[in-house]
Amino acid sequence: MTAPPLPREVNRAFGALPAPIGKRLLWVRELIFATAAAHEDVGWLTETLKWGEPAYRRDR
C-alpha cells in the first residue's frame, strides 16, 4: 500500500458515501498516491478536504 493512513476528516468524508462509491474512491486514492510516488517531480502529497471533498496538494 502506497497511500498513508486517512486523515480523520477525510475518513469521515469517505465514510459518509454509499459503500460501493466509497470503496471505488479509496481505490482512486491509492492510484493518486501511487502515481505521485512513482514520479520524482511530484513528490509527497498532502490530503485535505476542500469544500467537503478530498483534495490532494503537492508538498515541495
# chains A, B, ... in the order shown; residues from 1 in each chain; ligands from 1
>>> select_by_dssp(residues="chain A", states="helix (DSSP H, G or I)", output="list in words")
Arg8, Glu9, Val10, Asn11, Arg12, Ala13, Phe14, Gly15, Ala19, Pro20, Ile21, Gly22, Lys23, Arg24, Leu25, Leu26, Trp27, Val28, Arg29, Glu30, Leu31, Ile32, Phe33, Ala34, Thr35, Ala36, Ala37 and Ala38 of chain A
>>> write_last_selection(atoms="C-alpha atoms", output="PDB file, in the first residue's frame")
ATOM      1  CA  ARG A   8      -9.628  11.829  10.322  1.00  0.00           C
ATOM      2  CA  GLU A   9     -11.696  14.408   8.432  1.00  0.00           C
ATOM      3  CA  VAL A  10     -11.080  12.729   5.062  1.00  0.00           C
ATOM      4  CA  ASN A  11     -12.009   9.357   6.569  1.00  0.00           C
ATOM      5  CA  ARG A  12     -15.325  10.839   7.702  1.00  0.00           C
ATOM      6  CA  ALA A  13     -15.988  12.181   4.200  1.00  0.00           C
ATOM      7  CA  PHE A  14     -15.345   8.767   2.638  1.00  0.00           C
ATOM      8  CA  GLY A  15     -17.439   7.102   5.356  1.00  0.00           C
ATOM      9  CA  ALA A  19     -20.257   1.835   0.417  1.00  0.00           C
ATOM     10  CA  PRO A  20     -19.726   0.981  -3.285  1.00  0.00           C
ATOM     11  CA  ILE A  21     -18.796   4.583  -4.099  1.00  0.00           C
ATOM     12  CA  GLY A  22     -16.532   4.940  -1.075  1.00  0.00           C
ATOM     13  CA  LYS A  23     -14.746   1.707  -1.965  1.00  0.00           C
ATOM     14  CA  ARG A  24     -14.169   2.870  -5.547  1.00  0.00           C
ATOM     15  CA  LEU A  25     -12.901   6.280  -4.411  1.00  0.00           C
ATOM     16  CA  LEU A  26     -10.492   4.664  -1.947  1.00  0.00           C
ATOM     17  CA  TRP A  27      -9.124   2.720  -4.913  1.00  0.00           C
ATOM     18  CA  VAL A  28      -8.726   6.010  -6.834  1.00  0.00           C
ATOM     19  CA  ARG A  29      -6.961   7.437  -3.767  1.00  0.00           C
ATOM     20  CA  GLU A  30      -4.469   4.562  -3.898  1.00  0.00           C
ATOM     21  CA  LEU A  31      -3.826   5.369  -7.564  1.00  0.00           C
ATOM     22  CA  ILE A  32      -3.250   9.044  -6.775  1.00  0.00           C
ATOM     23  CA  PHE A  33      -0.621   8.273  -4.138  1.00  0.00           C
ATOM     24  CA  ALA A  34       0.999   5.507  -6.213  1.00  0.00           C
ATOM     25  CA  THR A  35       1.289   7.816  -9.207  1.00  0.00           C
ATOM     26  CA  ALA A  36       2.776  10.620  -7.103  1.00  0.00           C
ATOM     27  CA  ALA A  37       5.292   8.215  -5.555  1.00  0.00           C
ATOM     28  CA  ALA A  38       6.325   6.917  -8.984  1.00  0.00           C
TER      29      ALA A  38
END
>>> select_by_dssp(residues="chain A", states="strand (DSSP E or B)", output="list of chain:residue names")
A:Leu45, A:Thr46, A:Glu47, A:Thr48, A:Leu49, A:Lys50, A:Glu53, A:Pro54, A:Ala55, A:Tyr56, A:Arg57, A:Arg58
>>> atom_distance(atom1="CA of Gly43 in chain A", atom2="CA of Asp59 in chain A")
6.9 Å
